[in-house]
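Reproduced below: structure.cif, with mmCIF, C-alpha atoms.
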data_structure
#
loop_
_atom_site.label_atom_id
_atom_site.label_comp_id
_atom_site.auth_asym_id
_atom_site.auth_seq_id
_atom_site.Cartn_x
_atom_site.Cartn_y
_atom_site.Cartn_z
CA MET X 1 -101.12 -72.39 -100.72
CA SER X 2 -102.35 -68.84 -100.49
CA PHE X 3 -105.59 -67.52 -101.86
CA TYR X 4 -103.96 -66.11 -104.99
CA GLN X 5 -101.95 -69.20 -105.72
CA GLN X 6 -105.07 -71.34 -105.41
CA TYR X 7 -107.56 -69.26 -107.29
CA GLY X 8 -105.11 -67.42 -109.54
CA ILE X 9 -104.57 -70.72 -111.36
CA VAL X 10 -108.33 -71.11 -111.74
CA ALA X 11 -108.59 -67.55 -113.06
CA ILE X 12 -105.73 -68.11 -115.53
CA VAL X 13 -107.35 -71.31 -116.81
CA ALA X 14 -110.70 -69.52 -117.18
CA VAL X 15 -109.15 -66.55 -119.03
CA PHE X 16 -107.07 -68.84 -121.25
CA GLY X 17 -110.12 -70.94 -122.07
CA ALA X 18 -112.17 -67.89 -123.02
CA LEU X 19 -109.29 -66.56 -125.14
CA LEU X 20 -108.87 -69.88 -126.89
CA TYR X 21 -112.55 -69.94 -127.77
CA ALA X 22 -112.46 -66.34 -129.01
CA VAL X 23 -109.36 -66.92 -131.16
CA ILE X 24 -110.72 -70.13 -132.70
CA MET X 25 -114.04 -68.49 -133.55
CA LEU X 26 -112.29 -65.39 -134.93
CA VAL X 27 -109.95 -67.42 -137.16
CA ASN X 28 -112.94 -69.44 -138.29
CA ARG X 29 -114.82 -66.27 -139.19
CA ILE X 30 -111.84 -64.81 -141.08
CA MET X 31 -111.05 -67.92 -143.09
CA ARG X 32 -114.48 -69.24 -144.03
CA PRO X 33 -116.37 -68.16 -147.13
CA THR X 34 -119.77 -66.59 -146.40
CA ILE X 35 -122.48 -67.95 -148.69
CA PRO X 36 -125.77 -67.81 -146.79
CA SER X 37 -128.63 -69.93 -148.02
CA PRO X 38 -131.96 -70.85 -146.40
CA LEU X 39 -131.20 -74.50 -147.09
CA LYS X 40 -128.33 -74.33 -144.63
CA LEU X 41 -130.73 -73.49 -141.82
CA SER X 42 -132.81 -76.60 -142.36
CA VAL X 43 -132.57 -79.67 -140.14
CA TYR X 44 -130.10 -82.06 -141.70
CA GLU X 45 -129.54 -85.44 -140.06
CA CYS X 46 -130.56 -83.92 -136.74
CA GLY X 47 -133.85 -85.61 -136.00
CA VAL X 48 -137.30 -84.62 -137.08
CA GLU X 49 -138.37 -81.16 -138.11
CA SER X 50 -139.45 -79.26 -135.01
CA GLU X 51 -142.95 -77.90 -134.70
CA GLY X 52 -144.40 -75.10 -132.63
CA VAL X 53 -142.47 -72.75 -130.38
CA GLY X 54 -139.38 -73.68 -128.41
CA TRP X 55 -140.85 -72.69 -125.07
CA SER X 56 -143.41 -75.41 -124.78
CA GLN X 57 -144.72 -76.65 -121.49
CA MET X 58 -142.79 -79.54 -119.99
CA ASN X 59 -144.45 -82.55 -118.50
CA ILE X 60 -145.16 -81.86 -114.84
CA ARG X 61 -143.65 -85.20 -113.87
CA TYR X 62 -140.15 -83.88 -114.42
CA TYR X 63 -140.61 -81.94 -111.20
CA VAL X 64 -140.12 -85.09 -109.12
CA PHE X 65 -136.68 -85.50 -110.67
CA ALA X 66 -135.88 -81.90 -109.84
CA PHE X 67 -136.87 -82.57 -106.22
CA LEU X 68 -134.71 -85.67 -106.04
CA PHE X 69 -131.84 -83.73 -107.58
CA VAL X 70 -132.06 -80.97 -104.96
CA ILE X 71 -131.97 -83.47 -102.08
CA PHE X 72 -128.96 -85.32 -103.45
CA ASP X 73 -127.29 -82.02 -104.29
CA VAL X 74 -127.44 -81.09 -100.61
CA GLU X 75 -126.05 -84.51 -99.79
CA ALA X 76 -123.16 -83.92 -102.19
CA VAL X 77 -122.25 -80.73 -100.30
CA PHE X 78 -121.48 -82.83 -97.22
CA ILE X 79 -119.42 -85.33 -99.16
CA PHE X 80 -116.91 -82.61 -100.19
CA PRO X 81 -115.36 -81.97 -96.73
CA TRP X 82 -115.35 -85.70 -96.08
CA ALA X 83 -113.60 -86.39 -99.36
CA VAL X 84 -110.98 -83.76 -98.57
CA ILE X 85 -110.02 -85.22 -95.19
CA VAL X 86 -110.62 -88.93 -95.57
CA GLY X 87 -107.41 -89.59 -97.48
CA ASP X 88 -105.25 -88.05 -94.74
CA LEU X 89 -106.76 -90.03 -91.87
CA ASP X 90 -104.73 -92.71 -90.09
CA ALA X 91 -104.25 -94.05 -86.57
CA THR X 92 -102.57 -90.87 -85.35
CA THR X 93 -105.35 -88.44 -86.28
CA ARG X 94 -108.31 -87.56 -84.04
CA ILE X 95 -110.70 -89.47 -86.26
CA SER X 96 -110.02 -93.03 -87.27
CA PRO X 97 -110.45 -93.73 -90.99
CA VAL X 98 -112.93 -96.54 -90.34
CA PHE X 99 -115.07 -94.20 -88.23
CA ALA X 100 -115.17 -91.56 -90.97
CA LEU X 101 -116.01 -94.21 -93.55
CA VAL X 102 -118.82 -95.69 -91.43
CA ALA X 103 -120.22 -92.23 -90.62
CA MET X 104 -120.33 -91.26 -94.27
CA PHE X 105 -121.85 -94.52 -95.41
CA LEU X 106 -124.53 -94.26 -92.71
CA PHE X 107 -125.30 -90.80 -94.13
CA ILE X 108 -125.40 -92.04 -97.71
CA GLY X 109 -127.30 -95.16 -96.69
CA THR X 110 -130.03 -93.15 -95.02
CA LEU X 111 -130.54 -91.19 -98.21
CA LEU X 112 -130.38 -94.33 -100.30
CA GLU X 113 -133.39 -95.47 -98.28
CA GLY X 114 -135.18 -92.45 -99.69
CA LEU X 115 -134.14 -93.41 -103.20
CA ALA X 116 -135.37 -96.97 -102.57
CA TYR X 117 -138.66 -95.49 -101.35
CA ALA X 118 -138.96 -93.44 -104.52
CA TRP X 119 -138.21 -96.52 -106.58
CA LYS X 120 -140.78 -98.61 -104.68
CA LYS X 121 -143.41 -95.90 -105.14
CA GLY X 122 -142.80 -95.98 -108.86
CA VAL X 123 -141.68 -92.37 -109.05
CA LEU X 124 -138.64 -93.25 -111.11
CA THR X 125 -140.49 -95.18 -113.78
CA TRP X 126 -142.20 -93.52 -116.67
CA GLU X 127 -145.54 -95.13 -117.41
CA MET M 1 -106.27 -50.73 -102.70
CA THR M 2 -104.91 -54.24 -102.64
CA ALA M 3 -105.47 -56.90 -105.26
CA HIS M 4 -107.90 -58.50 -102.86
CA ASP M 5 -110.06 -55.38 -102.82
CA LEU M 6 -109.91 -55.23 -106.60
CA VAL M 7 -111.18 -58.80 -106.96
CA PHE M 8 -113.88 -58.05 -104.40
CA VAL M 9 -115.00 -54.96 -106.32
CA ILE M 10 -115.12 -56.82 -109.63
CA VAL M 11 -117.11 -59.72 -108.17
CA GLY M 12 -119.40 -57.31 -106.34
CA LEU M 13 -120.03 -55.29 -109.51
CA VAL M 14 -120.92 -58.43 -111.48
CA THR M 15 -123.29 -59.45 -108.70
CA ALA M 16 -124.91 -56.02 -108.47
CA VAL M 17 -125.35 -55.60 -112.23
CA SER M 18 -126.86 -59.05 -112.66
CA ALA M 19 -129.14 -58.43 -109.67
CA ILE M 20 -130.41 -55.27 -111.36
CA LEU M 21 -130.88 -57.20 -114.59
CA VAL M 22 -133.01 -59.77 -112.71
CA VAL M 23 -135.60 -57.14 -111.93
CA THR M 24 -135.36 -55.20 -115.18
CA SER M 25 -135.30 -58.12 -117.62
CA ARG M 26 -138.36 -58.44 -119.83
CA HIS M 27 -137.94 -62.14 -120.36
CA LEU M 28 -138.85 -64.35 -117.42
CA MET M 29 -136.32 -67.01 -118.40
CA HIS M 30 -133.54 -64.44 -118.71
CA ALA M 31 -134.47 -63.09 -115.28
CA ALA M 32 -134.09 -66.59 -113.82
CA LEU M 33 -130.72 -67.02 -115.52
CA TYR M 34 -129.55 -63.62 -114.26
CA LEU M 35 -130.64 -64.79 -110.80
CA ALA M 36 -128.31 -67.77 -111.21
CA LEU M 37 -125.51 -65.35 -112.17
CA THR M 38 -126.27 -63.20 -109.12
CA LEU M 39 -126.08 -66.23 -106.84
CA THR M 40 -122.79 -67.24 -108.47
CA GLY M 41 -121.50 -63.73 -107.83
CA ILE M 42 -122.44 -64.04 -104.16
CA GLY M 43 -120.50 -67.32 -104.14
CA GLY M 44 -117.56 -65.34 -105.55
CA VAL M 45 -117.91 -62.82 -102.72
CA PHE M 46 -117.72 -65.67 -100.19
CA LEU M 47 -114.63 -66.94 -101.96
CA VAL M 48 -112.95 -63.53 -101.77
CA LEU M 49 -113.79 -63.44 -98.06
CA GLY M 50 -111.90 -66.70 -97.59
CA ALA M 51 -114.98 -68.84 -96.94
CA GLY M 52 -114.28 -71.51 -99.56
CA PHE M 53 -116.78 -74.03 -98.22
CA ILE M 54 -119.63 -71.52 -98.07
CA ALA M 55 -118.79 -70.49 -101.65
CA LEU M 56 -118.96 -74.14 -102.66
CA VAL M 57 -122.31 -74.59 -100.92
CA GLN M 58 -123.58 -71.40 -102.54
CA VAL M 59 -122.66 -72.59 -106.02
CA VAL M 60 -123.73 -76.22 -105.61
CA VAL M 61 -126.98 -75.63 -103.74
CA TYR M 62 -128.17 -72.22 -104.88
CA VAL M 63 -126.90 -72.13 -108.45
CA GLY M 64 -127.05 -75.85 -109.04
CA ALA M 65 -130.29 -76.71 -107.30
CA VAL M 66 -132.39 -73.68 -106.44
CA ALA M 67 -131.89 -71.89 -109.76
CA VAL M 68 -132.59 -75.16 -111.57
CA LEU M 69 -135.81 -75.53 -109.57
CA PHE M 70 -136.74 -71.99 -110.62
CA LEU M 71 -136.15 -72.85 -114.27
CA PHE M 72 -138.09 -76.09 -113.89
CA GLY M 73 -140.95 -74.22 -112.26
CA LEU M 74 -141.01 -71.70 -115.10
CA MET M 75 -140.90 -74.34 -117.80
CA LEU M 76 -143.59 -76.39 -116.09
CA THR M 77 -146.06 -73.65 -115.26
CA ARG M 78 -145.49 -70.52 -117.29
CA ALA M 79 -145.04 -71.99 -120.73
CA PRO M 80 -145.11 -70.81 -123.40
CA ILE M 81 -142.68 -68.27 -122.07
CA GLY M 82 -141.64 -65.32 -124.11
CA ARG M 83 -141.15 -61.62 -124.12
CA GLU M 84 -143.95 -60.14 -122.09
CA ALA M 85 -144.82 -56.99 -120.24
CA LEU M 86 -143.31 -57.86 -116.90
CA ASP M 87 -143.96 -54.63 -115.10
CA SER M 88 -145.98 -54.50 -111.92
CA GLN M 89 -145.85 -50.66 -111.95
CA ASN M 90 -144.36 -50.69 -108.46
CA ARG M 91 -140.99 -49.19 -109.26
CA GLY M 92 -141.30 -46.35 -106.77
CA LEU M 93 -142.30 -48.63 -103.93
CA GLY M 94 -139.64 -51.18 -104.83
CA LEU M 95 -136.98 -48.51 -104.97
CA ALA M 96 -138.10 -47.11 -101.62
CA VAL M 97 -138.04 -50.53 -99.92
CA ALA M 98 -134.65 -51.45 -101.39
CA GLY M 99 -133.20 -48.04 -100.49
CA ALA M 100 -134.58 -48.20 -96.94
CA LEU M 101 -133.11 -51.68 -96.50
CA PHE M 102 -129.74 -50.48 -97.79
CA VAL M 103 -129.72 -47.49 -95.44
CA LEU M 104 -130.76 -49.67 -92.49
CA LEU M 105 -128.05 -52.27 -93.15
CA ALA M 106 -125.41 -49.60 -93.72
CA ALA M 107 -126.45 -47.81 -90.52
CA LEU M 108 -126.08 -51.07 -88.62
CA ILE M 109 -122.92 -52.45 -90.19
CA ILE M 110 -120.79 -49.32 -90.51
CA PRO M 111 -120.96 -48.26 -86.82
CA ALA M 112 -120.59 -51.87 -85.71
CA PHE M 113 -117.54 -52.83 -87.77
CA GLY M 114 -116.35 -49.55 -89.28
CA GLY M 115 -113.56 -49.03 -86.76
CA GLU M 116 -112.08 -52.52 -87.04
CA SER M 117 -108.55 -52.67 -88.32
CA THR M 118 -108.29 -54.40 -91.67
CA ALA M 119 -106.53 -57.72 -91.84
CA GLU M 120 -106.07 -60.45 -94.37
CA VAL M 121 -109.12 -62.67 -94.18
CA THR M 122 -108.49 -66.33 -93.56
CA GLY M 123 -111.64 -68.38 -93.18
CA PRO M 124 -111.62 -71.94 -91.91
CA THR M 125 -110.33 -74.30 -94.56
CA ILE M 126 -112.48 -77.08 -95.91
CA GLU M 127 -110.18 -79.56 -94.11
CA ALA M 128 -110.93 -77.88 -90.78
CA ILE M 129 -114.65 -78.11 -91.48
CA GLY M 130 -114.35 -81.78 -92.40
CA ILE M 131 -112.39 -82.56 -89.22
CA ALA M 132 -114.95 -80.63 -87.15
CA ILE M 133 -117.88 -82.50 -88.69
CA PHE M 134 -116.42 -85.95 -88.17
CA ALA M 135 -114.74 -85.33 -84.81
CA ASP M 136 -117.28 -83.24 -82.91
CA TRP M 137 -120.52 -83.10 -84.87
CA VAL M 138 -121.09 -86.63 -86.10
CA LEU M 139 -124.50 -87.00 -84.45
CA PRO M 140 -125.97 -83.79 -85.94
CA PHE M 141 -124.47 -84.88 -89.26
CA GLU M 142 -126.31 -88.21 -89.12
CA VAL M 143 -129.50 -86.55 -87.91
CA LEU M 144 -129.21 -84.25 -90.90
CA SER M 145 -129.45 -87.25 -93.19
CA MET M 146 -132.74 -88.07 -91.46
CA LEU M 147 -133.93 -84.53 -92.16
CA LEU M 148 -133.01 -84.86 -95.82
CA LEU M 149 -134.73 -88.24 -95.93
CA ALA M 150 -137.88 -86.70 -94.46
CA ALA M 151 -137.76 -83.92 -97.06
CA LEU M 152 -137.29 -86.49 -99.82
CA ILE M 153 -140.23 -88.65 -98.69
CA GLY M 154 -142.39 -85.59 -98.14
CA ALA M 155 -141.64 -84.34 -101.65
CA ILE M 156 -142.51 -87.73 -103.12
CA LEU M 157 -145.75 -87.90 -101.13
CA LEU M 158 -146.72 -84.42 -102.27
CA ALA M 159 -145.76 -84.98 -105.87
CA ARG M 160 -147.33 -88.37 -106.32
CA ARG M 161 -150.77 -89.41 -105.18
CA GLU M 162 -151.73 -92.96 -105.85
CA ALA M 163 -155.13 -93.94 -107.17
CA GLY M 164 -157.68 -94.13 -104.42
CA GLU M 165 -155.88 -91.79 -102.06
CA SER M 166 -157.41 -88.51 -101.00
CA GLY M 167 -157.00 -85.59 -103.35
CA THR M 168 -158.23 -84.79 -106.80
CA GLU M 169 -155.35 -86.00 -108.95
CA ALA M 170 -155.39 -89.70 -109.66
CA GLU M 171 -153.42 -91.59 -112.27
CA VAL M 172 -155.31 -89.78 -115.01
CA THR M 173 -153.69 -86.37 -114.50
CA ARG M 174 -152.64 -85.70 -118.03
CA ILE M 175 -150.99 -82.34 -118.31
CA GLU M 176 -148.97 -82.75 -121.42
CA MET M 177 -147.73 -80.84 -124.35
CA GLY M 178 -150.47 -78.63 -125.73
CA GLU M 179 -152.95 -80.26 -128.08
CA ALA M 180 -152.25 -83.88 -127.19
CA LEU M 181 -155.40 -83.99 -125.07
CA ALA M 182 -157.73 -82.81 -127.77
CA ASP M 183 -156.48 -85.53 -130.08
CA GLU M 184 -157.48 -88.34 -127.77
CA PRO M 185 -161.24 -88.41 -127.38
CA ASP M 186 -161.37 -92.19 -126.96
CA ARG M 187 -159.00 -92.05 -124.02
CA HIS M 188 -161.11 -89.29 -122.59
CA GLU M 189 -164.15 -91.54 -122.71
CA ALA M 190 -162.40 -94.53 -121.27
CA VAL M 191 -161.06 -92.47 -118.41
CA GLY M 192 -164.32 -90.70 -117.86
CA THR M 193 -166.21 -93.90 -117.18
CA SER M 194 -163.71 -95.34 -114.77
CA ALA M 195 -162.78 -92.31 -112.68
CA PRO M 196 -165.02 -89.35 -113.38
CA ALA M 197 -164.12 -87.37 -110.25
CA GLY M 198 -160.41 -87.82 -110.60
CA GLU M 199 -160.15 -86.29 -114.00
CA LEU M 200 -158.24 -83.11 -114.26
CA GLY M 201 -156.22 -83.06 -117.41
CA ALA M 202 -158.94 -83.67 -119.95
CA GLY M 203 -161.02 -80.85 -118.58
CA GLY M 204 -164.33 -82.72 -118.43
CA GLY M 205 -164.35 -84.09 -114.89
CA ARG M 206 -164.65 -80.93 -112.91
#
Show me this structure written as structure tokens.
Amino acid sequence: MSFYQQYGIVAIVAVFGALLYAVIMLVNRIMRPTIPSPLKLSVYECGVESEGVGWSQMNIRYYVFAFLFVIFDVEAVFIFPWAVIVGDLDATTRISPVFALVAMFLFIGTLLEGLAYAWKKGVLTWE
Amino acid sequence: MTAHDLVFVIVGLVTAVSAILVVTSRHLMHAALYLALTLTGIGGVFLVLGAGFIALVQVVVYVGAVAVLFLFGLMLTRAPIGREALDSQNRGLGLAVAGALFVLLAALIIPAFGGESTAEVTGPTIEAIGIAIFADWVLPFEVLSMLLLAALIGAILLARREAGESGTEAEVTRIEMGEALADEPDRHEAVGTSAPAGELGAGGGR
């Protein structure tokens, strides 16, 4: 498949999605009656009334989760090429399917050790 | 001008405009989000150049992880964030440095590759990269997992110090939402007697 066949479809889906959203919102705006009232801006069945400003400081402990996310994000990058080829492997290809499977699970297993370490250290629990 | 060039120009324009908005935005959070858009645009440039895997890495790692870290860092340290006078008064210097860099890169790239005949770009497919990793580069691939593991453990060690270890933060580091600390004098006392030197959050220990 050429570049345009591959990504043209993606572009068409993106454009169609944006158009669909625009049309729905436009029709909504045309058809609805407009009766503004301050009561409509109040919190209704959506939790407690919020206090203070929206940009409050987050708890610093969230940063550990961000760290963990970055590491496993980089891991995910290497799973993509593996996932693309692993289905096509058989005895005739240069790589045997078992070898690819073992290699990937060694990779994932090594990183799971890190997750186990984080778990053991109590990073994942919220006191 | 082929359709390819057109796509490249559109993606490049989006990238350039959002990059300018990063440095001109008055809102720190907006600047970070424009940075994410810029990095996505660079991913689009890679895609146009036929480097699908690099584009994927760009989007997953830079947009997904690095930009998220930026936003986390802002929310954790610079809150409350709002409209502020973000102007270091260094526009002239910044413009000069950016312009000099542009001229330098153009002076290097144009003589080096300017005479090359244009051809349809076909980067290595993601299948080729996968075959290469698992046929020829398995050992570096496994060593890489060790590197990531080391980074993970290092991050945990840096982020979390247990009670009794060296360093000032013990289990009593209480940096929480705003006024919560002021409302808890009894906790302050209890903590103060047990670990006076390790106290950071309540403001009395140091």
When you count all atoms listed in the file, which of these residues is closest to Gly114 in chain X: M:Phe70, M:Leu28, M:Ala155, M:Val97? M:Ala155
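Across the model, the gap from CA of Leu101 in chain M to CA of Leu69 in chain M is 27.3 Å.
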The PyMOL selection byres ((chain X) within 6 of (chain M)) resolved against shown file, as a ChimeraX atom specification: /X:55-60,70,81-82,85,95,107,111,114
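With all atoms listed in the file as the atoms that count, the minimum distance from Tyr4 in chain X to the choices M:Ala119, M:Leu13, M:Val7, M:Leu95 is reached by M:Val7.
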Using all atoms listed in the file, can you tell me which of X:Ala83, X:Thr110, X:Tyr21, X:Phe16 comes closest to Pro97 in chain X? X:Ala83
